[in-house]
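Remarks on the structure that follows.
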2 protein chains.
Amino acid sequence: MLPIVLASASPRRRALLEQVGLDFEVFPTDVDETVQWEEPVWAVQELACRKARAAAQASVKKDPIRDAWIIGADTVVVHRGKVLGKPADRQAAVDMLSALQGETHSVYTGVCAVRKQGTALRETAFTEETKVSVHEMEMWEIEEYADTLEPMDKAGAYAIQGIFARYIRCIEGDYCNVVGLPVARIFQEILKNG
Amino acid sequence: MLPIVLASASPRRRALLEQVGLDFEVFPTDVDETVQWEEPVWAVQELACRKARAAAQASVKKDPIRDAWIIGADTVVVHRGKVLGKPADRQAAVDMLSALQGETHSVYTGVCAVRKQGTALRETAFTEETKVSVHEMEMWEIEEYADTLEPMDKAGAYAIQGIFARYIRCIEGDYCNVVGLPVARIFQEILKNG
């Protein structure tokens, strides 16, 4: 298998690749996150591609010879047509959780894999959706959860792989996609075929 | 919240309760696992109850005064009506994985929660189902996965929370239920109400 470069600083994405037994390097990038797309499914894919391309360019400069897969990803939560990113503060987290409780929302992770062959770059990109249903929560439960600080750096203000699992009624789709990286689809459609 | 006693030696169940921030003690029991039920959904519930009852009895002897929740659980994988437990050896693991690849199966976890109030015991039991779809696997992938030894102590010969995540196409239901304990339902229906 080709070397893998993860164009993301997210410890969750790193943990998922480690979980499925893949060796990889981490190369976080700093890209402009302003997007014009109205549809969140396109926006996450666009951002994933920006991250992967930025890392790929740096990789070409650093080592024009070596072949590799460079993977970028971006995740958002969409509820009733509204995009929920990372909460700016505690109140924003409480507002997001108040909207999500008792309802079903979608998590979209856009993925872009750049195949670097010398200086040539070939892109594959897709967006994976998982539906997530949350139990009803009392306001004191929302406040208590916000106080754990777990919501603060998470899209939609929750971590399915954390304490918030006690409020997840069910999901439909790939669990890892909600954590931040659809590893099965990445493995099946991209890495497996060299 | 009342003290919680987990009547299981499973490190996965322990990790799930820890993940959702619950304090608990572990009290594994040694019960007869022979069941007469033809339906796996009833069998797992019966076994969960035997485990919880055995731990509850020991708990009453040890400390008749203290109130607690005692939780037992049992998990099986069912594919085309056939129950898949833990594989006896490598060949059994390969056979199970060969059956599961490219298809959808169900994971059932039976749960029994015994509410100990002094010497009085009140039982609540249910079985939670999650559907799991597995990508197609080549024989070399099955063999390679069997060689990791990850399948050996897992019902159905795989760990969704391990390397096998690369082969999980999607699930429908509670992810934690596949790992071994439906923590959200336990929390929502049992622990939350004291």
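Residues are named by chain letter and number: chains run A, B, ... in the order of the structure tokens, numbers start at 1 in each chain, and ligands are numbered from 1 in the order shown.
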Enumerate as an mmCIF file with C-alpha atoms, in the first residue's frame the residues belonging to chain A that approach chain B to within 8 Å, with only C-alpha atoms taken into account.
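Written output follows (out-v9.cif):
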data_model
loop_
_atom_site.group_PDB
_atom_site.id
_atom_site.type_symbol
_atom_site.label_atom_id
_atom_site.label_comp_id
_atom_site.auth_asym_id
_atom_site.auth_seq_id
_atom_site.Cartn_x
_atom_site.Cartn_y
_atom_site.Cartn_z
ATOM 1 C CA GLN A 19 -7.945 1.906 14.740
ATOM 2 C CA VAL A 20 -8.140 0.240 11.320
ATOM 3 C CA GLY A 21 -4.416 -0.488 11.390
ATOM 4 C CA GLN A 161 -17.566 8.710 20.767
ATOM 5 C CA GLY A 162 -17.718 10.478 24.141
ATOM 6 C CA ILE A 163 -20.179 11.084 26.960
ATOM 7 C CA PHE A 164 -22.859 12.065 24.441
ATOM 8 C CA ALA A 165 -23.281 8.365 23.498
ATOM 9 C CA ARG A 166 -25.828 8.215 26.325
ATOM 10 C CA TYR A 167 -28.102 10.471 24.263
ATOM 11 C CA ILE A 168 -27.753 8.764 20.841
ATOM 12 C CA ARG A 169 -30.938 6.830 20.072
ATOM 13 C CA CYS A 170 -29.722 5.320 16.793
ATOM 14 C CA ILE A 171 -27.763 6.052 13.653
ATOM 15 C CA GLU A 172 -28.168 5.039 10.032
ATOM 16 C CA GLY A 173 -24.923 4.826 8.080
ATOM 17 C CA ASP A 174 -21.256 4.760 9.029
ATOM 18 C CA TYR A 175 -20.463 5.479 12.695
ATOM 19 C CA CYS A 176 -16.872 6.526 11.914
ATOM 20 C CA VAL A 183 -12.716 4.977 7.038
ATOM 21 C CA ALA A 184 -14.547 2.025 5.486
ATOM 22 C CA ARG A 185 -15.424 3.911 2.297
ATOM 23 C CA PHE A 187 -10.429 2.014 2.486
ATOM 24 C CA GLN A 188 -12.821 0.282 0.056
#
Mind the document's chain letters and residue numbers, and return as a PyMOL selection string the residues of range 19-130 of chain A that DSSP labels strand (DSSP E). chain A and resi 25-26+68-79+82-84+104-117+120-130
Near Ala93 in chain B, counting only C-alpha atoms, which residues have an atom at most 9 Å away, once you skip same-chain residues fewer than 5 positions from it, shown as an MDAnalysis selection string? chainID B and resid 86:88 98 142 146 151:152 156:158
Go ahead and write the residues just picked, all heavy atoms, as a JSON list (two decimals), in the first residue's frame.
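File out-v2.json, as written:
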[["chain", "number", "residue", "atom", "x", "y", "z"],
["B", 86, "LYS", "N", -18.81, -16.68, 19.88],
["B", 86, "LYS", "CA", -17.37, -16.48, 19.73],
["B", 86, "LYS", "C", -16.78, -17.66, 18.97],
["B", 86, "LYS", "O", -17.14, -18.81, 19.24],
["B", 86, "LYS", "CB", -16.72, -16.37, 21.12],
["B", 86, "LYS", "CG", -17.22, -15.16, 21.89],
["B", 86, "LYS", "CD", -16.65, -15.09, 23.30],
["B", 86, "LYS", "CE", -17.25, -13.91, 24.04],
["B", 86, "LYS", "NZ", -16.81, -13.77, 25.41],
["B", 87, "PRO", "N", -15.88, -17.42, 18.03],
["B", 87, "PRO", "CA", -15.32, -18.54, 17.25],
["B", 87, "PRO", "C", -14.43, -19.42, 18.12],
["B", 87, "PRO", "O", -13.67, -18.91, 18.95],
["B", 87, "PRO", "CB", -14.50, -17.83, 16.16],
["B", 87, "PRO", "CG", -14.17, -16.50, 16.74],
["B", 87, "PRO", "CD", -15.30, -16.12, 17.63],
["B", 88, "ALA", "N", -14.53, -20.75, 17.92],
["B", 88, "ALA", "CA", -13.74, -21.68, 18.72],
["B", 88, "ALA", "C", -12.28, -21.67, 18.30],
["B", 88, "ALA", "O", -11.38, -21.86, 19.13],
["B", 88, "ALA", "CB", -14.31, -23.10, 18.57],
["B", 98, "SER", "N", -16.62, -15.34, 6.38],
["B", 98, "SER", "CA", -17.02, -15.66, 5.00],
["B", 98, "SER", "C", -18.52, -15.55, 4.84],
["B", 98, "SER", "O", -19.03, -15.15, 3.79],
["B", 98, "SER", "CB", -16.57, -17.08, 4.63],
["B", 98, "SER", "OG", -15.17, -17.20, 4.78],
["B", 142, "ILE", "N", -10.01, -11.83, 4.52],
["B", 142, "ILE", "CA", -10.56, -12.59, 5.65],
["B", 142, "ILE", "C", -9.43, -13.28, 6.41],
["B", 142, "ILE", "O", -9.36, -13.22, 7.65],
["B", 142, "ILE", "CB", -11.60, -13.63, 5.15],
["B", 142, "ILE", "CG1", -12.85, -12.88, 4.64],
["B", 142, "ILE", "CG2", -11.95, -14.63, 6.24],
["B", 142, "ILE", "CD1", -13.88, -13.78, 3.96],
["B", 146, "ALA", "N", -8.25, -12.60, 10.17],
["B", 146, "ALA", "CA", -8.22, -13.69, 11.16],
["B", 146, "ALA", "C", -6.84, -13.75, 11.83],
["B", 146, "ALA", "O", -6.74, -13.99, 13.05],
["B", 146, "ALA", "CB", -8.55, -15.03, 10.49],
["B", 151, "PRO", "N", -10.53, -11.33, 15.95],
["B", 151, "PRO", "CA", -11.82, -12.03, 15.96],
["B", 151, "PRO", "C", -12.02, -12.99, 17.14],
["B", 151, "PRO", "O", -13.16, -13.33, 17.46],
["B", 151, "PRO", "CB", -11.81, -12.87, 14.66],
["B", 151, "PRO", "CG", -10.77, -12.26, 13.80],
["B", 151, "PRO", "CD", -9.74, -11.69, 14.75],
["B", 152, "MET", "N", -10.92, -13.40, 17.79],
["B", 152, "MET", "CA", -11.00, -14.60, 18.62],
["B", 152, "MET", "C", -11.94, -14.56, 19.82],
["B", 152, "MET", "O", -12.54, -15.55, 20.17],
["B", 152, "MET", "CB", -9.59, -15.03, 19.04],
["B", 152, "MET", "CG", -8.74, -15.51, 17.87],
["B", 152, "MET", "SD", -9.70, -16.54, 16.66],
["B", 152, "MET", "CE", -10.05, -17.99, 17.66],
["B", 156, "GLY", "N", -19.45, -13.36, 16.52],
["B", 156, "GLY", "CA", -19.46, -13.07, 15.09],
["B", 156, "GLY", "C", -18.06, -12.91, 14.50],
["B", 156, "GLY", "O", -17.91, -12.65, 13.32],
["B", 157, "ALA", "N", -17.04, -13.05, 15.34],
["B", 157, "ALA", "CA", -15.64, -13.04, 14.89],
["B", 157, "ALA", "C", -15.14, -11.69, 14.37],
["B", 157, "ALA", "O", -14.25, -11.62, 13.54],
["B", 157, "ALA", "CB", -15.38, -14.13, 13.83],
["B", 158, "TYR", "N", -15.76, -10.59, 14.85],
["B", 158, "TYR", "CA", -15.22, -9.28, 14.45],
["B", 158, "TYR", "C", -15.42, -8.25, 15.56],
["B", 158, "TYR", "O", -16.28, -8.42, 16.43],
["B", 158, "TYR", "CB", -15.87, -8.79, 13.15],
["B", 158, "TYR", "CG", -17.31, -8.32, 13.29],
["B", 158, "TYR", "CD1", -17.61, -7.01, 13.63],
["B", 158, "TYR", "CD2", -18.37, -9.19, 13.07],
["B", 158, "TYR", "CE1", -18.92, -6.57, 13.76],
["B", 158, "TYR", "CE2", -19.69, -8.77, 13.20],
["B", 158, "TYR", "CZ", -19.96, -7.46, 13.54],
["B", 158, "TYR", "OH", -21.25, -7.03, 13.67]]
Which neighbours of Gln45 in chain A fall inside 7 Å, counting only C-alpha atoms, when residues of the same chain fewer than 4 positions from it are skipped, and could you give them as a ChimeraX atom specification? /A:41,49,110-112,125-127
Restrict the selected residues to N, CA and C atoms and save them as an mmCIF file, in the first residue's frame.
data_model
loop_
_atom_site.group_PDB
_atom_site.id
_atom_site.type_symbol
_atom_site.label_atom_id
_atom_site.label_comp_id
_atom_site.auth_asym_id
_atom_site.auth_seq_id
_atom_site.Cartn_x
_atom_site.Cartn_y
_atom_site.Cartn_z
ATOM 1 N N VAL A 41 -23.404 19.590 1.517
ATOM 2 C CA VAL A 41 -22.718 18.401 0.982
ATOM 3 C C VAL A 41 -21.606 18.799 0.027
ATOM 4 N N CYS A 49 -11.169 19.085 -0.245
ATOM 5 C CA CYS A 49 -10.261 19.158 -1.391
ATOM 6 C C CYS A 49 -9.203 20.238 -1.188
ATOM 7 N N GLY A 110 -17.033 15.367 4.074
ATOM 8 C CA GLY A 110 -16.467 15.409 2.726
ATOM 9 C C GLY A 110 -15.058 14.854 2.794
ATOM 10 N N VAL A 111 -14.699 14.056 1.787
ATOM 11 C CA VAL A 111 -13.366 13.459 1.745
ATOM 12 C C VAL A 111 -12.745 13.743 0.387
ATOM 13 N N CYS A 112 -11.491 14.124 0.395
ATOM 14 C CA CYS A 112 -10.766 14.240 -0.869
ATOM 15 C C CYS A 112 -9.455 13.482 -0.722
ATOM 16 N N ALA A 125 -13.006 12.479 -4.861
ATOM 17 C CA ALA A 125 -13.700 13.119 -3.754
ATOM 18 C C ALA A 125 -15.133 12.617 -3.646
ATOM 19 N N PHE A 126 -15.638 12.564 -2.425
ATOM 20 C CA PHE A 126 -17.036 12.186 -2.204
ATOM 21 C C PHE A 126 -17.492 12.737 -0.864
ATOM 22 N N THR A 127 -18.792 12.702 -0.633
ATOM 23 C CA THR A 127 -19.337 13.099 0.667
ATOM 24 C C THR A 127 -20.177 11.960 1.210
#
Name the residues in contact with Ser10 in chain A at a cut-off of 9 Å, using only C-alpha atoms, excluding same-chain residues fewer than 4 positions from it; report them as a VMD selection string. chain A and resid 14 to 15 28 180
Shortest interatomic distance to Glu138 in chain B - which of B:Gln101, B:Gln36, B:Thr109, B:Gln117, counting only C-alpha atoms: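 Among the listed residues, the smallest separation from Glu138 in chain B belongs to B:Gln101.
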Per DSSP on the backbone, what are the helix (DSSP H, G or I) residues of range 47-98 of chain B, as a list of chain:residue names?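 Going through range 47-98 of chain B, the helix (DSSP H, G or I) residues come out as B:Leu47, B:Ala48, B:Cys49, B:Arg50, B:Lys51, B:Ala52, B:Arg53, B:Ala54, B:Ala55, B:Ala56, B:Gln57, B:Ala58, B:Ser59, B:Val60, B:Lys61, B:Lys62, B:Arg90, B:Gln91, B:Ala92, B:Ala93, B:Val94, B:Asp95, B:Met96, B:Leu97, B:Ser98.
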Which residues are near Ala48 in chain B? Cut-off 12 Å, only C-alpha atoms, ignore same chain within fewer than 3 positions. Put them as a PyMOL selection string. chain B and resi 6-8+28-33+35+41-45+51-55+70-76+108-114+123-127+180-181
How about saving the chosen residues, C-alpha atoms kept, as a PDB file, in the first residue's frame?
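Ended up saving to again-v3.pdb:
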ATOM      1  CA  LEU B   6     -21.632  -4.387  35.994  1.00  0.00           C
ATOM      2  CA  ALA B   7     -22.108  -8.172  36.042  1.00  0.00           C
ATOM      3  CA  SER B   8     -19.656  -8.748  33.198  1.00  0.00           C
ATOM      4  CA  PRO B  28     -18.326 -10.848  36.825  1.00  0.00           C
ATOM      5  CA  THR B  29     -20.370 -13.982  37.403  1.00  0.00           C
ATOM      6  CA  ASP B  30     -20.039 -17.553  36.290  1.00  0.00           C
ATOM      7  CA  VAL B  31     -23.421 -18.761  35.038  1.00  0.00           C
ATOM      8  CA  ASP B  32     -24.591 -21.759  33.047  1.00  0.00           C
ATOM      9  CA  GLU B  33     -24.833 -20.513  29.448  1.00  0.00           C
ATOM     10  CA  VAL B  35     -30.404 -21.959  27.041  1.00  0.00           C
ATOM     11  CA  VAL B  41     -33.555 -12.412  21.057  1.00  0.00           C
ATOM     12  CA  TRP B  42     -34.966 -14.339  24.029  1.00  0.00           C
ATOM     13  CA  ALA B  43     -31.790 -16.328  24.680  1.00  0.00           C
ATOM     14  CA  VAL B  44     -29.570 -13.246  25.094  1.00  0.00           C
ATOM     15  CA  GLN B  45     -32.110 -11.696  27.435  1.00  0.00           C
ATOM     16  CA  LYS B  51     -25.760 -12.873  35.018  1.00  0.00           C
ATOM     17  CA  ALA B  52     -27.504  -9.934  36.693  1.00  0.00           C
ATOM     18  CA  ARG B  53     -29.388 -12.175  39.145  1.00  0.00           C
ATOM     19  CA  ALA B  54     -26.224 -14.052  40.145  1.00  0.00           C
ATOM     20  CA  ALA B  55     -24.419 -10.766  40.807  1.00  0.00           C
ATOM     21  CA  ILE B  70     -26.901  -4.489  38.815  1.00  0.00           C
ATOM     22  CA  ILE B  71     -26.522  -4.828  35.057  1.00  0.00           C
ATOM     23  CA  GLY B  72     -26.058  -8.036  33.078  1.00  0.00           C
ATOM     24  CA  ALA B  73     -25.681  -8.293  29.302  1.00  0.00           C
ATOM     25  CA  ASP B  74     -25.171 -10.861  26.579  1.00  0.00           C
ATOM     26  CA  THR B  75     -24.480 -10.289  22.868  1.00  0.00           C
ATOM     27  CA  VAL B  76     -24.929 -12.515  19.812  1.00  0.00           C
ATOM     28  CA  TYR B 108     -28.636  -8.521  19.582  1.00  0.00           C
ATOM     29  CA  THR B 109     -27.635  -7.489  23.071  1.00  0.00           C
ATOM     30  CA  GLY B 110     -29.868  -8.639  25.877  1.00  0.00           C
ATOM     31  CA  VAL B 111     -29.782  -6.448  28.965  1.00  0.00           C
ATOM     32  CA  CYS B 112     -31.089  -7.114  32.447  1.00  0.00           C
ATOM     33  CA  ALA B 113     -30.995  -4.451  35.119  1.00  0.00           C
ATOM     34  CA  VAL B 114     -31.764  -5.568  38.653  1.00  0.00           C
ATOM     35  CA  GLU B 123     -35.896  -6.673  37.235  1.00  0.00           C
ATOM     36  CA  THR B 124     -36.094  -4.750  33.964  1.00  0.00           C
ATOM     37  CA  ALA B 125     -34.987  -6.543  30.796  1.00  0.00           C
ATOM     38  CA  PHE B 126     -34.956  -5.863  27.069  1.00  0.00           C
ATOM     39  CA  THR B 127     -33.120  -6.815  23.897  1.00  0.00           C
ATOM     40  CA  GLY B 180     -21.598  -4.995  23.557  1.00  0.00           C
ATOM     41  CA  LEU B 181     -23.817  -2.677  25.586  1.00  0.00           C
TER      42      LEU B 181
END
To one decimal in Å, tell me the separation between CA of Val94 in chain A and CA of Glu128 in chain A.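 Interatomic distance, CA of Val94 in chain A to CA of Glu128 in chain A: 26.4 Å.
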Can you list, as an MDAnalysis selection string, every protein, DNA or RNA residue that comes within 8 Å of Lys116 in chain B when you count only C-alpha atoms, leaving out same-chain residues fewer than 5 positions away? chainID B and resid 56 60 66:70 121:122
